[in-house]
Amino acid sequence: MARSRLPSLLRRAVAPALLALLVTAVPALAGPILPEADGGSQQAEDTRTLYFIVLVIAAIVFVGVEGLLIWCLVRYRARKGRVAAQIHGNTRLEIGWTVGAAVILVFLTIATFVMLPGIKDPAPSSIDVNGNRVVENAAFASTDQKTPPRGEAMNIAVDGLQYVWRYSYPAIDGKKVYSYTRMYVPVDMTVTLDIRSNDVQHSWWIPQLGGKMDALPGYTNKTWFKVTERGVWEGQCAELCGRNHANMYASVHALPYDEWKAWYDRRAGDIKAAEDAAAKGREEQEG
Ligand SMILES: [Cu+2]
C-alpha cells in the first residue's frame with residue numbers, strides 16, 4: 001500500500017506546493033540577479049522584463065525536470081525482489097519533449113523580436129533641442145542605429161581613455177562643451193551615445209540605464225537612454241583596461257532642461273576661461 005500511496009501524495013500535495021513555491025519564489029529570488037532597472041529608462045525596463053520571461057520559463061523547466069528525476073529515483077528505487085523493466089524508447093514521450101522544446105523556443109524567439117526594437121532603437125524624445133515639449137508624431141529613418149523619431153535627440157560622444165571617461169556635448173550657440181566622469185543630460189531627452197576609445201578596450205555601463213557597450217579603438221559603438229526623472233545613476237568601466245581600471249567611474253546626472261542648460265553655459269564659461277588662461281600663460285612664456 002505504501003508504494004502506491006507515494007505517487008498520489010506527490011500529485012496531490014507536493015506538485016501544487018512546488019508550483020506555488022515557483023510562482024512566489026521566482027520573482028522574489030530573481031530580484032538580485034535580474035538586470036537593474038529603476039532609473040526611469042524604458043530601455044532598461046524592457047531588458048529586465050525580457051530577462052525575467054526567460055528566467056521564469058527556465059525555472060519551470062528546471063523544477064519540472066529535476067522534480068521528475070527525483071520522483072523517479074524515489075518511486076522506482078531498487079527493492080528486494082524487484083526486476084527492472086527494460087524500456088526501448090517511447091515514441092509519444094520523445095515527440096512530446098521535442099515539440100515542447102520547440103514551442104518554448106518559438107515563444108522565446110517571438111518575445112525577443114517583439115521587445116528588441118524597444119531596447120535597441122532610441123525612443124522619441126519628449127523635449128526638443130531647445131528644451132520645449134514636442135508633439136508626438138513619429139517619422140522613422142533607418143541607418144546603423146535608427147534615428148529617434150523626428151530626429152530629436154542629443155548626441156554625446158563618449159570617449160574611453162586610461163583611466164577616465166570624456167563626454168563631448170553637441171555645440172549650442174557656437175559653444176562647445178565637454179566634461180569628464182560625470183555626464184549631464186536633460187530629463188526627457190533621448191540621448192544617443194557614440195562610444196569610442198582613445199587607447200585600449202573599455203566598456204561603458206550605467207547598469208540602471210541599460211545595457212553595457214564596449215568602447216573599442218577604431219570603432220564607434222552606439223547606444224542610447226532616455227531618463228524621465230531627475231537623478232544620478234552610477235556606473236564604471238566594465239572592461240579591465242589597466243592598472244587604474246577600478247577608478248574609472250562614470251555617472252549620469254539628469255536635470256530638468258533649464259538647469260541642464262544653466263550647467264552647460266557655466267561649463268562653457270569655465271572652459272573658455274581656462275583656455276584663455278592657458279593661452280595667456282603660453283604668451284608669457286614665449287615673450
Ligand atoms: Cu576602462
# chains A, B, ... in the order shown; residues from 1 in each chain; ligands from 1

call {"tool": "select_by_dssp", "arguments": {"residues": "range 42-270 of chain A", "states": "helix (DSSP H, G or I)", "output": "MDAnalysis selection string"}}
result
chainID A and resid 42:75 91:120 149:151 207:209 245:247 257:270

call {"tool": "residues_near_ligand", "arguments": {"ligand": "ligand 1", "cutoff": "7 Å", "atoms": "only C-alpha atoms and all ligand atoms", "output": "list in words"}}
result
Gly160, Leu161, Gln162, Tyr163, Gln201, His202, Ser203, Cys237, Ala238, Glu239, Leu240, Cys241, His245 and Met248 of chain A

call {"tool": "closest_residue", "arguments": {"among": "A:Arg82, A:Gly174, A:Leu50, A:Glu94", "to": "Phe113 in chain A", "atoms": "only C-alpha atoms"}}
result
A:Leu50

call {"tool": "select_by_dssp", "arguments": {"residues": "range 36-244 of chain A", "states": "strand (DSSP E)", "output": "MDAnalysis selection string"}}
result
chainID A and resid 154:161 164:168 178:180 182:186 190:197 202:204 213:215 221:226 231:236

call {"tool": "atom_distance", "arguments": {"atom1": "CA of Ile87 in chain A", "atom2": "CA of Arg12 in chain A"}}
result
27.6 Å

call {"tool": "residues_around", "arguments": {"residues": "Ala171 in chain A", "least_positions_apart": "4", "cutoff": "12 Å", "atoms": "only C-alpha atoms", "output": "PyMOL selection string"}}
result
chain A and resi 129+154-157+175-178+261+264-265+268

call {"tool": "closest_residue", "arguments": {"among": "A:Lys80, A:Val106, A:Ser41, A:Trp97", "to": "Gly231 in chain A", "atoms": "only C-alpha atoms"}}
result
A:Ser41

call {"tool": "atom_distance", "arguments": {"atom1": "CA of Ile172 in chain A", "atom2": "CA of Arg266 in chain A"}}
result
12.7 Å

call {"tool": "residues_around", "arguments": {"residues": "Tyr51 in chain A", "least_positions_apart": "3", "cutoff": "8 Å", "atoms": "only C-alpha atoms", "output": "short mmCIF file (atom, residue, chain, number, x, y, z; two decimals) with N, CA and C atoms, in the first residue's frame"}}
result
data_model
loop_
_atom_site.label_atom_id
_atom_site.label_comp_id
_atom_site.auth_asym_id
_atom_site.auth_seq_id
_atom_site.Cartn_x
_atom_site.Cartn_y
_atom_site.Cartn_z
N LEU A 34 18.39 39.86 -11.60
CA LEU A 34 17.86 40.50 -12.81
C LEU A 34 18.68 41.75 -13.11
N PRO A 35 18.74 42.16 -14.40
CA PRO A 35 19.41 43.43 -14.71
C PRO A 35 18.73 44.56 -13.94
N THR A 47 14.64 45.49 -21.01
CA THR A 47 15.71 44.49 -20.89
C THR A 47 15.41 43.58 -19.71
N ARG A 48 15.00 44.19 -18.60
CA ARG A 48 14.70 43.45 -17.39
C ARG A 48 13.50 42.51 -17.59
N VAL A 54 12.49 34.93 -19.71
CA VAL A 54 13.37 33.79 -19.97
C VAL A 54 13.66 33.04 -18.66
N LEU A 55 13.87 33.81 -17.61
CA LEU A 55 14.19 33.21 -16.31
C LEU A 55 13.04 32.34 -15.78
#

call {"tool": "closest_residue", "arguments": {"among": "A:Asp128, A:Glu286, A:Asp258, A:Glu36", "to": "Met189 in chain A", "atoms": "only C-alpha atoms"}}
result
A:Asp128

call {"tool": "residues_around", "arguments": {"residues": "Val185 in chain A", "least_positions_apart": "3", "cutoff": "8 Å", "atoms": "only C-alpha atoms", "output": "list in words"}}
result
Met189, Val191, Val252, His253, Ala254, Leu255 and Trp260 of chain A

call {"tool": "closest_residue", "arguments": {"among": "A:Gly210, A:Ala246, A:Arg267, A:Lys280", "to": "Pro122 in chain A", "atoms": "only C-alpha atoms"}}
result
A:Gly210
